Amino acid sequence: MELGEPQVLDALGVLMGVSACVTFVILQKLETSYGRYCPPKIRWGLPARLAWGLQEMPSLLLPLLEWVRFGDQLRQPNALLMAMFAIHYTQRTLIYPLLIRGGKPTPLSTFLMAFMFCIYNGYLQSRYLSLTEYPDHWTTQPHFLAGSSLWLVGMVINIHSDHILRSLRESTETGYRIPRGGLFEYVTAANYFGEIVEWLGFALAGWSIQSSAFALFTFCILLRRAEHHHRWYLKKFKDYPKSRKIIFPFIY
Ligand SMILES: NC(=O)c1ccc[n+]([C@@H]2O[C@H](COP(=O)([O-])OP(=O)(O)OC[C@H]3O[C@@H](n4cnc5c(N)ncnc54)[C@H](OP(=O)(O)O)[C@@H]3O)[C@@H](O)[C@H]2O)c1
């Protein structure tokens, strides 16, 4: 049996979902080795700004390429979903890196893994969205309306929370303080909470194996990293607010 590109995209989506679950188990014991967990002396590393700008770039360029090639044939729901993905990665690739203050260098191995993931995911989401024919009434369906609203709310929480973290440092500082304000009053990892809500919304709006796999991947990686951050804060700061949850306000 010969597989067409839609079947390959489904298989890649399932593979991403399975990899997410495996990663979730592995990260129970292992910390993601960048930022505060980056070893003090690394042999091969990239400055934080360069690493973030380059590693996330494929997830911006691949949808833009699809847009250039097939933009005039895209149906409205496809175009909106593609725009949601590209807007996030425009922020993450072109704006976020420039705003980083005193970020730790990223080990080459971590950079390469993130870069490859962004090629995989950029291809998966953008090809799926340009090949699939969403019906015109899709954008008035309750799950699209709820999903796109969640996507927007999640992105705002994510950007606002990253801004709070940045404001904890002067431009040349590299140390850490207890984050205050916004959703940090409720959880340790408010920025990750926003990111998870954002991609959950995208998955709901797109209703596909591909978008769900990415939402699951984000959840698995960021939940584990949030748990590590939470333990790290409790160890580092004696006065860290004990009532703060890890990532989901009032829940966990
Ligand atoms: N979709 C996904 O799967 C995925 C995966 C990973 C990350 N992300 C997103 O990428 C963004 C960055 O992620 P991240 O893991 O680097 O986030 P992070 O560990 O919270 O760090 C974010 C930035 O704030 C600084 N920072 C964090 N806590 C601080 C504190 N208490 N005091 C002073 N500065 C502090 C960090 O500096 P240092 O570098 O010096 O620690 C870093 O520059 C987030 O928006 C996240 O949601 C998405």
# chains A, B, ... in the order shown; residues from 1 in each chain; ligands from 1
>>> residues_around(residues="segment 141-145 of chain A", least_positions_apart="6", cutoff="12 Å", atoms="only C-alpha atoms", output="list in words")
Pro77, Asn78, Leu80, Leu81, Tyr134, Pro135, Trp151, Leu152, Leu200, Gly201, Phe202, Ala203, Leu204, Ala205, Gly206, Trp207 and Ser208 of chain A
>>> write_last_selection(atoms="C-alpha atoms", output="compact mmCIF listing (two decimals), in the first residue's frame")
# COMPACT_ATOMS: atom_id res chain seq x y z
CA PRO A 77 -10.25 28.49 8.30
CA ASN A 78 -6.89 27.17 7.05
CA LEU A 80 -6.67 31.64 10.21
CA LEU A 81 -5.13 28.54 11.81
CA TYR A 134 -11.54 22.76 6.30
CA PRO A 135 -15.19 23.55 5.49
CA TRP A 151 -5.21 30.51 22.05
CA LEU A 152 -5.35 34.30 22.40
CA LEU A 200 -4.60 23.60 23.82
CA GLY A 201 -6.70 26.33 22.22
CA PHE A 202 -4.94 25.83 18.89
CA ALA A 203 -5.63 22.07 19.09
CA LEU A 204 -9.29 22.70 19.86
CA ALA A 205 -9.62 25.18 16.99
CA GLY A 206 -7.84 22.91 14.45
CA TRP A 207 -9.19 19.59 15.79
CA SER A 208 -6.48 17.42 14.25
>>> residues_around(residues="Gln28 of chain A", least_positions_apart="4", cutoff="12 Å", atoms="only C-alpha atoms", output="number ranges by chain")
A: 21-24, 32, 220-228
>>> closest_atom_pairs(of="chain A", to="ligand 1", cutoff="6 Å", atoms="only C-alpha atoms and all ligand atoms", output="JSON lines")
{"residue": "A:Gly35", "atom": "CA", "partner": "ligand 1", "partner_atom_place_in_ligand_line": "39 (O)", "distance": 3.6}
{"residue": "A:Arg36", "atom": "CA", "partner": "ligand 1", "partner_atom_place_in_ligand_line": "41 (O)", "distance": 4.3}
{"residue": "A:Ile100", "atom": "CA", "partner": "ligand 1", "partner_atom_place_in_ligand_line": "43 (O)", "distance": 5.2}
{"residue": "A:Arg101", "atom": "CA", "partner": "ligand 1", "partner_atom_place_in_ligand_line": "43 (O)", "distance": 5.9}
{"residue": "A:Gly102", "atom": "CA", "partner": "ligand 1", "partner_atom_place_in_ligand_line": "40 (O)", "distance": 5.8}
{"residue": "A:Gly103", "atom": "CA", "partner": "ligand 1", "partner_atom_place_in_ligand_line": "39 (O)", "distance": 3.7}
{"residue": "A:Lys104", "atom": "CA", "partner": "ligand 1", "partner_atom_place_in_ligand_line": "40 (O)", "distance": 4.4}
{"residue": "A:Asn158", "atom": "CA", "partner": "ligand 1", "partner_atom_place_in_ligand_line": "45 (O)", "distance": 5.6}
{"residue": "A:Asp162", "atom": "CA", "partner": "ligand 1", "partner_atom_place_in_ligand_line": "45 (O)", "distance": 5.9}
{"residue": "A:Leu165", "atom": "CA", "partner": "ligand 1", "partner_atom_place_in_ligand_line": "24 (O)", "distance": 4.9}
{"residue": "A:Arg166", "atom": "CA", "partner": "ligand 1", "partner_atom_place_in_ligand_line": "24 (O)", "distance": 5.4}
{"residue": "A:Leu168", "atom": "CA", "partner": "ligand 1", "partner_atom_place_in_ligand_line": "33 (C)", "distance": 5.0}
{"residue": "A:Arg169", "atom": "CA", "partner": "ligand 1", "partner_atom_place_in_ligand_line": "33 (C)", "distance": 5.6}
{"residue": "A:Thr174", "atom": "CA", "partner": "ligand 1", "partner_atom_place_in_ligand_line": "40 (O)", "distance": 5.7}
{"residue": "A:Gly175", "atom": "CA", "partner": "ligand 1", "partner_atom_place_in_ligand_line": "33 (C)", "distance": 5.9}
{"residue": "A:Tyr176", "atom": "CA", "partner": "ligand 1", "partner_atom_place_in_ligand_line": "32 (N)", "distance": 3.4}
{"residue": "A:Arg177", "atom": "CA", "partner": "ligand 1", "partner_atom_place_in_ligand_line": "32 (N)", "distance": 4.3}
{"residue": "A:Ile178", "atom": "CA", "partner": "ligand 1", "partner_atom_place_in_ligand_line": "31 (N)", "distance": 5.1}
{"residue": "A:Pro179", "atom": "CA", "partner": "ligand 1", "partner_atom_place_in_ligand_line": "31 (N)", "distance": 5.5}
{"residue": "A:Asn191", "atom": "CA", "partner": "ligand 1", "partner_atom_place_in_ligand_line": "47 (O)", "distance": 5.2}
{"residue": "A:Tyr192", "atom": "CA", "partner": "ligand 1", "partner_atom_place_in_ligand_line": "47 (O)", "distance": 4.3}
{"residue": "A:Glu195", "atom": "CA", "partner": "ligand 1", "partner_atom_place_in_ligand_line": "47 (O)", "distance": 4.9}
{"residue": "A:Thr218", "atom": "CA", "partner": "ligand 1", "partner_atom_place_in_ligand_line": "3 (O)", "distance": 3.8}
{"residue": "A:Ile221", "atom": "CA", "partner": "ligand 1", "partner_atom_place_in_ligand_line": "3 (O)", "distance": 5.9}
>>> write_last_selection(atoms="N, CA and C atoms", output="PDB file, in the first residue's frame")
ATOM      1  N   GLY A  35      19.025  27.237  30.478  1.00  0.00           N
ATOM      2  CA  GLY A  35      18.625  28.184  31.529  1.00  0.00           C
ATOM      3  C   GLY A  35      19.303  27.842  32.838  1.00  0.00           C
ATOM      4  N   ARG A  36      18.558  27.833  33.947  1.00  0.00           N
ATOM      5  CA  ARG A  36      19.166  27.644  35.281  1.00  0.00           C
ATOM      6  C   ARG A  36      19.805  26.269  35.461  1.00  0.00           C
ATOM      7  N   ILE A 100      15.461  39.127  25.885  1.00  0.00           N
ATOM      8  CA  ILE A 100      16.068  38.327  26.965  1.00  0.00           C
ATOM      9  C   ILE A 100      17.098  39.161  27.734  1.00  0.00           C
ATOM     10  N   ARG A 101      17.053  39.022  29.071  1.00  0.00           N
ATOM     11  CA  ARG A 101      18.053  39.726  29.893  1.00  0.00           C
ATOM     12  C   ARG A 101      18.896  38.706  30.645  1.00  0.00           C
ATOM     13  N   GLY A 102      20.175  38.709  30.345  1.00  0.00           N
ATOM     14  CA  GLY A 102      21.118  37.852  31.093  1.00  0.00           C
ATOM     15  C   GLY A 102      20.819  36.367  30.999  1.00  0.00           C
ATOM     16  N   GLY A 103      20.216  35.911  29.906  1.00  0.00           N
ATOM     17  CA  GLY A 103      19.919  34.474  29.755  1.00  0.00           C
ATOM     18  C   GLY A 103      21.196  33.647  29.686  1.00  0.00           C
ATOM     19  N   LYS A 104      21.130  32.435  30.237  1.00  0.00           N
ATOM     20  CA  LYS A 104      22.308  31.550  30.218  1.00  0.00           C
ATOM     21  C   LYS A 104      22.516  31.000  28.798  1.00  0.00           C
ATOM     22  N   ASN A 158       1.178  34.124  28.443  1.00  0.00           N
ATOM     23  CA  ASN A 158       2.565  33.721  28.228  1.00  0.00           C
ATOM     24  C   ASN A 158       3.480  34.942  28.062  1.00  0.00           C
ATOM     25  N   ASP A 162       6.290  36.163  30.753  1.00  0.00           N
ATOM     26  CA  ASP A 162       7.706  36.277  30.374  1.00  0.00           C
ATOM     27  C   ASP A 162       8.212  37.699  30.645  1.00  0.00           C
ATOM     28  N   LEU A 165       9.044  37.991  34.323  1.00  0.00           N
ATOM     29  CA  LEU A 165      10.333  37.339  34.627  1.00  0.00           C
ATOM     30  C   LEU A 165      11.505  38.225  34.204  1.00  0.00           C
ATOM     31  N   ARG A 166      11.377  38.824  33.028  1.00  0.00           N
ATOM     32  CA  ARG A 166      12.455  39.690  32.523  1.00  0.00           C
ATOM     33  C   ARG A 166      12.678  40.887  33.427  1.00  0.00           C
ATOM     34  N   LEU A 168      12.583  41.099  36.431  1.00  0.00           N
ATOM     35  CA  LEU A 168      13.251  40.788  37.704  1.00  0.00           C
ATOM     36  C   LEU A 168      14.742  41.100  37.643  1.00  0.00           C
ATOM     37  N   ARG A 169      15.232  41.346  36.426  1.00  0.00           N
ATOM     38  CA  ARG A 169      16.679  41.582  36.268  1.00  0.00           C
ATOM     39  C   ARG A 169      16.955  42.954  35.671  1.00  0.00           C
ATOM     40  N   THR A 174      22.348  38.350  35.990  1.00  0.00           N
ATOM     41  CA  THR A 174      22.055  36.971  35.555  1.00  0.00           C
ATOM     42  C   THR A 174      21.411  36.142  36.673  1.00  0.00           C
ATOM     43  N   GLY A 175      21.234  36.753  37.860  1.00  0.00           N
ATOM     44  CA  GLY A 175      20.702  36.000  39.019  1.00  0.00           C
ATOM     45  C   GLY A 175      19.181  35.853  38.976  1.00  0.00           C
ATOM     46  N   TYR A 176      18.649  35.291  40.061  1.00  0.00           N
ATOM     47  CA  TYR A 176      17.208  34.987  40.108  1.00  0.00           C
ATOM     48  C   TYR A 176      16.548  35.638  41.324  1.00  0.00           C
ATOM     49  N   ARG A 177      15.298  36.066  41.153  1.00  0.00           N
ATOM     50  CA  ARG A 177      14.477  36.584  42.258  1.00  0.00           C
ATOM     51  C   ARG A 177      13.132  35.868  42.239  1.00  0.00           C
ATOM     52  N   ILE A 178      12.358  36.045  43.309  1.00  0.00           N
ATOM     53  CA  ILE A 178      11.020  35.429  43.343  1.00  0.00           C
ATOM     54  C   ILE A 178      10.086  36.258  42.463  1.00  0.00           C
ATOM     55  N   PRO A 179       9.463  35.639  41.443  1.00  0.00           N
ATOM     56  CA  PRO A 179       8.532  36.406  40.595  1.00  0.00           C
ATOM     57  C   PRO A 179       7.279  36.797  41.373  1.00  0.00           C
ATOM     58  N   ASN A 191       4.288  31.479  32.923  1.00  0.00           N
ATOM     59  CA  ASN A 191       4.554  31.548  31.470  1.00  0.00           C
ATOM     60  C   ASN A 191       4.246  30.212  30.796  1.00  0.00           C
ATOM     61  N   TYR A 192       4.576  29.109  31.467  1.00  0.00           N
ATOM     62  CA  TYR A 192       4.300  27.791  30.887  1.00  0.00           C
ATOM     63  C   TYR A 192       2.794  27.509  30.877  1.00  0.00           C
ATOM     64  N   GLU A 195       1.481  29.139  27.856  1.00  0.00           N
ATOM     65  CA  GLU A 195       1.859  28.421  26.625  1.00  0.00           C
ATOM     66  C   GLU A 195       1.002  27.155  26.447  1.00  0.00           C
ATOM     67  N   THR A 218       3.863  20.029  24.202  1.00  0.00           N
ATOM     68  CA  THR A 218       4.077  21.233  25.023  1.00  0.00           C
ATOM     69  C   THR A 218       3.734  20.939  26.486  1.00  0.00           C
ATOM     70  N   ILE A 221       6.489  18.556  28.153  1.00  0.00           N
ATOM     71  CA  ILE A 221       7.778  19.217  28.409  1.00  0.00           C
ATOM     72  C   ILE A 221       7.619  20.268  29.518  1.00  0.00           C
TER      73      ILE A 221
END
>>> atom_distance(atom1="atom CA of Pro40 of chain A", atom2="atom CA of Phe217 of chain A")
28.0 Å
>>> select_by_dssp(residues="segment 36-171 of chain A", states="strand (DSSP E or B)", output="PDB file with N, CA and C atoms, in the first residue's frame")
ATOM      1  N   GLY A  45      28.468  25.911  23.300  1.00  0.00           N
ATOM      2  CA  GLY A  45      27.204  26.555  23.646  1.00  0.00           C
ATOM      3  C   GLY A  45      26.948  27.764  22.760  1.00  0.00           C
ATOM      4  N   LEU A  46      25.689  28.194  22.733  1.00  0.00           N
ATOM      5  CA  LEU A  46      25.336  29.395  21.960  1.00  0.00           C
ATOM      6  C   LEU A  46      24.757  30.425  22.924  1.00  0.00           C
ATOM      7  N   THR A 106      22.956  28.383  25.764  1.00  0.00           N
ATOM      8  CA  THR A 106      22.278  27.102  25.526  1.00  0.00           C
ATOM      9  C   THR A 106      23.285  26.084  25.019  1.00  0.00           C
ATOM     10  N   PRO A 107      23.392  24.910  25.671  1.00  0.00           N
ATOM     11  CA  PRO A 107      24.309  23.880  25.173  1.00  0.00           C
ATOM     12  C   PRO A 107      23.952  23.503  23.732  1.00  0.00           C
TER      13      PRO A 107
END
>>> residues_around(residues="Leu54 of chain A", least_positions_apart="4", cutoff="10 Å", atoms="only C-alpha atoms", output="ChimeraX atom specification")
/A:49-50,58,93-94,97,111-112,114-115,118
>>> atom_distance(atom1="atom CA of Leu61 of chain A", atom2="atom CA of Ala86 of chain A")
8.6 Å
>>> select_by_dssp(residues="segment 8-232 of chain A", states="helix (DSSP H, G or I)", output="PyMOL selection string")
chain A and resi 8-26+35-37+48-56+58-73+76-99+108-131+136-140+142-166+182-185+190-206+209-232
>>> atom_distance(atom1="atom CA of Thr139 of chain A", atom2="atom CA of Thr90 of chain A")
22.9 Å
